[in-house]
2 protein chains.
Amino acid sequence: MLSAEIIAVGSELLTPEKTDSNSLWLTEKLNEAGVEVMLKTIVGDDEARLEETIRDAVKRSDIVITTGGLGPTEDDVTRQVSGRAVGRELVYHDELEADLRERFRRWGREMPEINKRQAYVIEGAEILPNPNGSAVGMKLEIDGKLFVVLPGPPRELKPMYENFVASRVREMAGEVYAKRRILRVSGMGESAVDEVIAPIYKAFENVQTSILFSKSEIEVHLAAKASSEKEVLGILDKLAGKIADALGMAVFATNGETLEEVVGAMLIAEGKTLAVAESCTGGLIGMRLTDVAGSSQYFLEGAVTYSNEAKMRTLGVPEQTLIDHGAVSAETAEAMAEGIRRRAGTDYGISVTGIAGPDGGTVEKPVGTVLIGYADAGKTRSVKFTFPGDRYLIRWRSSQAALDYLRRQMIKAKNAEPSAAAG
Amino acid sequence: MLSAEIIAVGSELLTPEKTDSNSLWLTEKLNEAGVEVMLKTIVGDDEARLEETIRDAVKRSDIVITTGGLGPTEDDVTRQVSGRAVGRELVYHDELEADLRERFRRWGREMPEINKRQAYVIEGAEILPNPNGSAVGMKLEIDGKLFVVLPGPPRELKPMYENFVASRVREMAGEVYAKRRILRVSGMGESAVDEVIAPIYKAFENVQTSILFSKSEIEVHLAAKASSEKEVLGILDKLAGKIADALGMAVFATNGETLEEVVGAMLIAEGKTLAVAESCTGGLIGMRLTDVAGSSQYFLEGAVTYSNEAKMRTLGVPEQTLIDHGAVSAETAEAMAEGIRRRAGTDYGISVTGIAGPDGGTVEKPVGTVLIGYADAGKTRSVKFTFPGDRYLIRWRSSQAALDYLRRQMIKAKNAEPSAAAG
């Protein structure tokens with residue numbers, strides 16, 4: 001398998017605030033072509049380090065891609081340093097200068113002299129046009145290795161890769177099609193998932209399976225390669241299907257979908273509507289549901305009833321329920337779910353009430369105590385969780401638990417249908 | 001100034017899904033000690049590449065920190081490879097094995113033989129205890145260079161760095177205190193901000209000032225170093241104060257605060273309460289407001305009125321308003337703000353209604369058209385935006401615009417107070 005390295009250039013990528021996101025996109029594209037990314041480097045405008053990095057990379061990997069550092073200023077050192085690293089001169093291209101002058105003219109401006117730097121290209125390199133910016137890219141092959149220099153802004157980099165690099169990478173990699181597939185699992189731990197599915201995935205020697213813990217769920221990542229797209233998709237479909245069968249209801253996504261997408265698709269399929277009453281999540285569930293384009297088909301209303309008064313006024317939670325059981329109780333959660341369902345006139349109502357912290361916990365109800373309520377035309381239910389984590393994680397996990405509870409109730413209702421019809 | 005390199009080890013960090021977040025935290029800590037991070041590398045379990053990376057790093061930089069790859073499995077290669085890279089043997093520590101056996105015993109389990117690998121330490125290295133995991137860290141100094149090997153999980157890495165590495169880094173760096181400060185600016189473009197503040201920050205030669213565009217605002221980053229913490233904070237306070245004065249109301253944060261924190265602090269200071277009516281943002285504003293611990297003091301209720309029926313029923317928006325002007329109109333936004341304020345009985349009501357896309361746009365009201373409403377005891381206002389971007393960005397920018405509109409109205413009301421009192 002071919003190996004690749006990605007080198008991101010830019011001092012701003014070495015600050016505590018910024019990450020290099022271009023490399024994630026490039027990794028996906030390279031992986032799909034069956035190329036493995038073996039190393040990523042982030043380097044600033046330090047010429048010596050950048051030169052050493054490029055030189056090492058070209059020596060040991062088949063494909064090397066740099067991103068960024070092609071601007072017109074002194075700090076933009078990628079052009080000259082990459083020339084030095086591969087032992088070639090830079091050549092001035094009059095036609096690039098003419099292009100640049102024309103670009104600036106179109107904006108009604110005079111080209112600053114400093115932009116002339118962008119008309120230099122490594123000797124023998126193919127020039128990669130950039131309709132979205134002033135820096136052209138470069139592509140050259142040295143001793144069977146591919147060395148590509150791309151600009152940093154994603155909207156310049158992505159089309160340049162797709163249009164001028166992707167096909168050469170595919171040619172080099174041969175007829176290898178690699179695909180990844182992500183299954184998402186709720187309500188089970190990492191080792192429990194592995195215990196169930198290990199006998200299954202171990203029989204698929206040509207699929208690389210890994211089990212990862214995300215912030216509120218287990219993800220099963222499958223990666224496979226084959227000589228055609230159809231073949232690789234077939235392999236992944238088969239394994240994903242077997243895993244989904246073995247884990248049953250715990251699998252909520254077999255193709256990387258988010259839980260809000262899955263729930264939304266189920267509501268559309270059944271022609272049902274939903275309303276949500278939130279307390280500690282403060283709008284997070286509504287936000288997630290409406291993150292899905294077209295969600296207005298099934299999501300009609302949300303209530304963020306942060307105060308007890310709002311719970312009574314907007315959701316009709318009885319004052320006595322709040323007095324007897326408190327705002328964080330199964331009784332309140334159920335009254336909230338019923339209340340929002342009644343108010344919005346939807347098929348389903350779900351609710352969350354809990355203590356997200358850092359304050360507000362007690363011995364009986366510590367921080368992380370969360371009640372999820374559910375109501376449909378026939379019944380009302382609730383479930384209690386005690387989530388670990390900080391305020392952010394407790395809120396996230398609460399939103400995930402609420403959407404998953406709705407999903408499970410919908411599946412149960414559906415599974416019960418035929419026998420109900422029979423009875 | 002001392003230079004540092006960070007090397008993150010782990011194949012999962014070379015997938016399209018994962019970024020290395022440890023290095024951001026480490027960069028912040030190193031920067032605060034006056035150390036500059038010159039290069040970051042992400043490498044998998046490829047032993048040759050990892051060895052070359054460590055060897056190059058130790059040769060050219062003063063401080064080298066590796067993270068991850070210290071687990072008990074075959075894939076965890078950092079221990080032996082870093083030993084090779086610095087030319088030292090690994091030594092078996094019986095007391096570490098005893099510690100590991102004791103750890104497992106406390107969990108009621110037998111230590112798997114494979115965990116013995118974690119009892120090996122580079123010859124001459126100081127062992128860094130890990131109360132939160134099974135992998136100890138290592139610290140060694142070679143020819144005046146500091147080489148540190150830390151585990152990957154953040155809750156193991158962070159305390160280990162703070163307790164056993166930070167003080168040595170400070171000693172090496174000398175009496176240098178570096179601090180960063182972030183100001184956030186709404187409603188102005190990058191070049192407009194630069195035009196106003198360039199004459200100010202150019203007079204502060206010892207502060208590095210950069211102007212960055214974030215997803216909905218301009219950030220002004222200040223970075224300074226001095227020989228005492230007091231001195232560096234004094235310099236930053238002075239420059240931040242001058243910039244804030246020059247930009248006026250456009251500056252909403254002078255110390256990195258989020259807009260929801262700023263608005264929350266203003267509401268607490270004035271003893272005022274808020275309710276929010278959201279349509280296209282779907283709960284995002286409520287979620288952001290309640291992200292701040294203690295927000296129940298001022299945030300009483302939110303309504304996510306996605307359907308027209310909900311806008312009428314819950315907020316009392318007149319049907320005729322919706323018929324005459326549409327759901328995305330100044331009239332509807334204002335009726336929503338008044339409606340939620342009335343329903344919740346709060347001092348302020350704010351609202352958002354708009355078209356987040358990708359569908360639903362028209363020639364008159366394209367995707368990105370967003371109306372923000374505001375109501376207080378005395379008046380109702382609205383403002384219209386046309387935001388560029390995808391669904392995610394339009395929703396984010398809408399939430400930001402709504403919170404900022406409230407902030408500006410509150411400042412205006414406050415500024416008007418003295419003259420009102422005088423009159």
# chains A, B, ... in the order shown; residues from 1 in each chain; ligands from 1
>>> residues_around(residues="Gly264 of chain B", least_positions_apart="6", cutoff="9 Å", atoms="only C-alpha atoms", output="PyMOL selection string")
chain B and resi 289+292+294-295+298-299
>>> write_last_selection(atoms="C-alpha atoms", output="PDB file, in the first residue's frame")
ATOM      1  CA  LEU B 289     -27.295  30.828  27.305  1.00  0.00           C
ATOM      2  CA  VAL B 292     -23.122  29.147  31.400  1.00  0.00           C
ATOM      3  CA  GLY B 294     -25.712  29.792  37.046  1.00  0.00           C
ATOM      4  CA  SER B 295     -27.773  30.914  34.043  1.00  0.00           C
ATOM      5  CA  TYR B 298     -31.584  35.195  34.550  1.00  0.00           C
ATOM      6  CA  PHE B 299     -32.743  32.795  31.830  1.00  0.00           C
TER       7      PHE B 299
END
>>> interface_residues(of="chain B", to="chain A", cutoff="6 Å", atoms="only C-alpha atoms", output="list in words")
Pro16, Leu24, Thr27, Glu28, Leu39, Lys40, Thr41, Ile42, Val43, Gly282, Gly283, Leu284, Gly286, Met287, Thr290, Leu300, Glu301, Gly302, Ala303, Val304, Thr305, Tyr306 and Ser307 of chain B
>>> select_by_dssp(residues="segment 140-378 of chain A", states="strand (DSSP E)", output="number ranges by chain")
A: 140-142, 145-150, 177-185, 207-213, 218-226, 251-253, 274-278, 299-305, 348-354, 369-375
>>> atom_distance(atom1="atom CA of Leu322 of chain A", atom2="atom CA of Thr353 of chain A")
11.8 Å
>>> closest_residue(among="B:Asp347, B:Glu89, B:Glu47, B:Glu331", to="Asp75 of chain B", atoms="only C-alpha atoms")
B:Glu47
>>> atom_distance(atom1="atom CA of Gly68 of chain B", atom2="atom CA of Gly187 of chain A")
27.7 Å
>>> residues_around(residues="segment 101-117 of chain B", least_positions_apart="5", cutoff="9 Å", atoms="only C-alpha atoms", output="list in words")
Gly71, Pro72, Thr73, Glu74, Arg79, Tyr92, Leu96 and Ser134 of chain B
>>> write_last_selection(atoms="N, CA and C atoms", output="short mmCIF file (atom, residue, chain, number, x, y, z; two decimals), in the first residue's frame")
data_model
loop_
_atom_site.label_atom_id
_atom_site.label_comp_id
_atom_site.auth_asym_id
_atom_site.auth_seq_id
_atom_site.Cartn_x
_atom_site.Cartn_y
_atom_site.Cartn_z
N GLY B 71 0.37 2.45 26.02
CA GLY B 71 -0.49 1.36 26.49
C GLY B 71 0.23 0.03 26.50
N PRO B 72 -0.47 -1.04 26.88
CA PRO B 72 0.18 -2.34 27.04
C PRO B 72 0.26 -3.17 25.76
N THR B 73 -0.35 -2.73 24.67
CA THR B 73 -0.42 -3.63 23.50
C THR B 73 0.75 -3.46 22.55
N GLU B 74 0.82 -4.35 21.59
CA GLU B 74 1.88 -4.36 20.57
C GLU B 74 1.95 -3.03 19.81
N ARG B 79 7.39 3.68 24.03
CA ARG B 79 8.39 3.38 25.06
C ARG B 79 9.70 2.89 24.44
N TYR B 92 13.83 -2.71 33.33
CA TYR B 92 12.61 -3.23 33.96
C TYR B 92 12.57 -2.81 35.42
N LEU B 96 7.38 -1.02 39.59
CA LEU B 96 6.26 -0.62 38.71
C LEU B 96 5.35 -1.82 38.46
N SER B 134 -2.60 3.42 33.91
CA SER B 134 -1.57 2.41 34.18
C SER B 134 -0.21 2.76 33.58
#
>>> select_by_dssp(residues="segment 107-242 of chain A", states="alpha helix (DSSP H)", output="NGL selection string")
:A and (154-164 or 166-173 or 190-201 or 229-242)
>>> write_last_selection(atoms="C-alpha atoms", output="PDB file, in the first residue's frame")
ATOM      1  CA  PRO A 154      -9.928  24.960   2.168  1.00  0.00           C
ATOM      2  CA  ARG A 155     -11.967  26.443  -0.654  1.00  0.00           C
ATOM      3  CA  GLU A 156      -8.803  26.763  -2.712  1.00  0.00           C
ATOM      4  CA  LEU A 157      -7.206  23.477  -1.651  1.00  0.00           C
ATOM      5  CA  LYS A 158     -10.181  21.159  -2.125  1.00  0.00           C
ATOM      6  CA  PRO A 159     -11.047  21.855  -5.776  1.00  0.00           C
ATOM      7  CA  MET A 160      -7.344  21.917  -6.641  1.00  0.00           C
ATOM      8  CA  TYR A 161      -6.879  18.447  -5.144  1.00  0.00           C
ATOM      9  CA  GLU A 162     -10.026  17.072  -6.764  1.00  0.00           C
ATOM     10  CA  ASN A 163      -9.243  18.508 -10.197  1.00  0.00           C
ATOM     11  CA  PHE A 164      -5.491  18.058 -10.514  1.00  0.00           C
ATOM     12  CA  ALA A 166      -6.883  12.956  -7.168  1.00  0.00           C
ATOM     13  CA  SER A 167      -6.663  11.156 -10.506  1.00  0.00           C
ATOM     14  CA  ARG A 168      -2.859  10.877 -10.363  1.00  0.00           C
ATOM     15  CA  VAL A 169      -3.093   9.463  -6.824  1.00  0.00           C
ATOM     16  CA  ARG A 170      -5.584   6.853  -8.047  1.00  0.00           C
ATOM     17  CA  GLU A 171      -3.292   5.931 -10.932  1.00  0.00           C
ATOM     18  CA  MET A 172      -0.349   5.488  -8.597  1.00  0.00           C
ATOM     19  CA  ALA A 173      -2.349   3.476  -6.069  1.00  0.00           C
ATOM     20  CA  GLU A 190     -16.750  -0.838  24.784  1.00  0.00           C
ATOM     21  CA  SER A 191     -15.914  -4.299  26.071  1.00  0.00           C
ATOM     22  CA  ALA A 192     -19.518  -5.525  25.951  1.00  0.00           C
ATOM     23  CA  VAL A 193     -19.704  -4.498  22.293  1.00  0.00           C
ATOM     24  CA  ASP A 194     -16.386  -6.169  21.555  1.00  0.00           C
ATOM     25  CA  GLU A 195     -17.470  -9.391  23.270  1.00  0.00           C
ATOM     26  CA  VAL A 196     -20.527  -9.640  21.036  1.00  0.00           C
ATOM     27  CA  ILE A 197     -18.984  -8.642  17.730  1.00  0.00           C
ATOM     28  CA  ALA A 198     -15.389  -9.930  17.913  1.00  0.00           C
ATOM     29  CA  PRO A 199     -16.345 -13.414  16.618  1.00  0.00           C
ATOM     30  CA  ILE A 200     -18.050 -11.710  13.685  1.00  0.00           C
ATOM     31  CA  TYR A 201     -15.422  -9.213  12.585  1.00  0.00           C
ATOM     32  CA  GLU A 229     -16.006   0.145  -5.448  1.00  0.00           C
ATOM     33  CA  LYS A 230     -18.827  -2.371  -5.689  1.00  0.00           C
ATOM     34  CA  GLU A 231     -16.763  -5.085  -4.061  1.00  0.00           C
ATOM     35  CA  VAL A 232     -15.608  -2.954  -1.137  1.00  0.00           C
ATOM     36  CA  LEU A 233     -19.130  -1.654  -0.483  1.00  0.00           C
ATOM     37  CA  GLY A 234     -20.410  -5.243  -0.619  1.00  0.00           C
ATOM     38  CA  ILE A 235     -17.908  -6.388   2.007  1.00  0.00           C
ATOM     39  CA  LEU A 236     -18.742  -3.482   4.318  1.00  0.00           C
ATOM     40  CA  ASP A 237     -22.497  -3.947   3.866  1.00  0.00           C
ATOM     41  CA  LYS A 238     -22.217  -7.581   4.779  1.00  0.00           C
ATOM     42  CA  LEU A 239     -20.141  -7.030   7.916  1.00  0.00           C
ATOM     43  CA  ALA A 240     -22.161  -3.993   9.022  1.00  0.00           C
ATOM     44  CA  GLY A 241     -25.343  -6.013   8.595  1.00  0.00           C
ATOM     45  CA  LYS A 242     -24.053  -8.907  10.709  1.00  0.00           C
TER      46      LYS A 242
END
>>> atom_distance(atom1="atom CA of Leu406 of chain A", atom2="atom CA of Ala269 of chain A")
14.6 Å
>>> residues_around(residues="segment 315-318 of chain A", least_positions_apart="2", cutoff="6 Å", atoms="only C-alpha atoms", output="PyMOL selection string")
chain A and resi 311-313+320-321+335-336+339-340
>>> residues_around(residues="Glu257 of chain A", least_positions_apart="5", cutoff="12 Å", atoms="only C-alpha atoms", output="list in words")
Arg181, Ile182, Leu183, Arg184, Val185, Glu219, Val251, Phe252, Val262, Val263, Gly264, Ala265 and Val292 of chain A
>>> write_last_selection(atoms="C-alpha atoms", output="PDB file, in the first residue's frame")
ATOM      1  CA  ARG A 181     -18.051   2.696   7.522  1.00  0.00           C
ATOM      2  CA  ILE A 182     -19.081   3.782  11.008  1.00  0.00           C
ATOM      3  CA  LEU A 183     -21.713   2.068  13.164  1.00  0.00           C
ATOM      4  CA  ARG A 184     -22.918   3.829  16.300  1.00  0.00           C
ATOM      5  CA  VAL A 185     -24.085   2.000  19.386  1.00  0.00           C
ATOM      6  CA  GLU A 219     -18.424   3.661  17.518  1.00  0.00           C
ATOM      7  CA  VAL A 251     -27.126  -0.018  16.982  1.00  0.00           C
ATOM      8  CA  PHE A 252     -28.681   3.272  15.990  1.00  0.00           C
ATOM      9  CA  VAL A 262     -31.840   8.640  12.480  1.00  0.00           C
ATOM     10  CA  VAL A 263     -34.749   9.823  14.634  1.00  0.00           C
ATOM     11  CA  GLY A 264     -35.760  12.336  11.959  1.00  0.00           C
ATOM     12  CA  ALA A 265     -35.820   9.640   9.273  1.00  0.00           C
ATOM     13  CA  VAL A 292     -31.262  18.365  10.114  1.00  0.00           C
TER      14      VAL A 292
END
>>> residues_around(residues="Lys139 of chain B", least_positions_apart="3", cutoff="7 Å", atoms="only C-alpha atoms", output="ChimeraX atom specification")
/B:125-127,147-149
>>> write_last_selection(atoms="N, CA and C atoms", output="short mmCIF file (atom, residue, chain, number, x, y, z; two decimals), in the first residue's frame")
data_model
loop_
_atom_site.label_atom_id
_atom_site.label_comp_id
_atom_site.auth_asym_id
_atom_site.auth_seq_id
_atom_site.Cartn_x
_atom_site.Cartn_y
_atom_site.Cartn_z
N ALA B 125 15.88 7.75 33.11
CA ALA B 125 14.73 8.66 33.08
C ALA B 125 14.07 8.74 34.45
N GLU B 126 13.56 9.92 34.76
CA GLU B 126 12.75 10.06 35.97
C GLU B 126 11.36 9.50 35.67
N ILE B 127 10.84 8.69 36.58
CA ILE B 127 9.51 8.10 36.38
C ILE B 127 8.45 9.09 36.86
N PHE B 147 13.53 15.96 27.43
CA PHE B 147 12.72 15.02 26.64
C PHE B 147 11.70 14.38 27.58
N VAL B 148 10.42 14.54 27.24
CA VAL B 148 9.35 14.09 28.13
C VAL B 148 8.41 13.16 27.37
N VAL B 149 8.06 12.05 27.98
CA VAL B 149 7.17 11.06 27.37
C VAL B 149 5.90 10.98 28.23
#
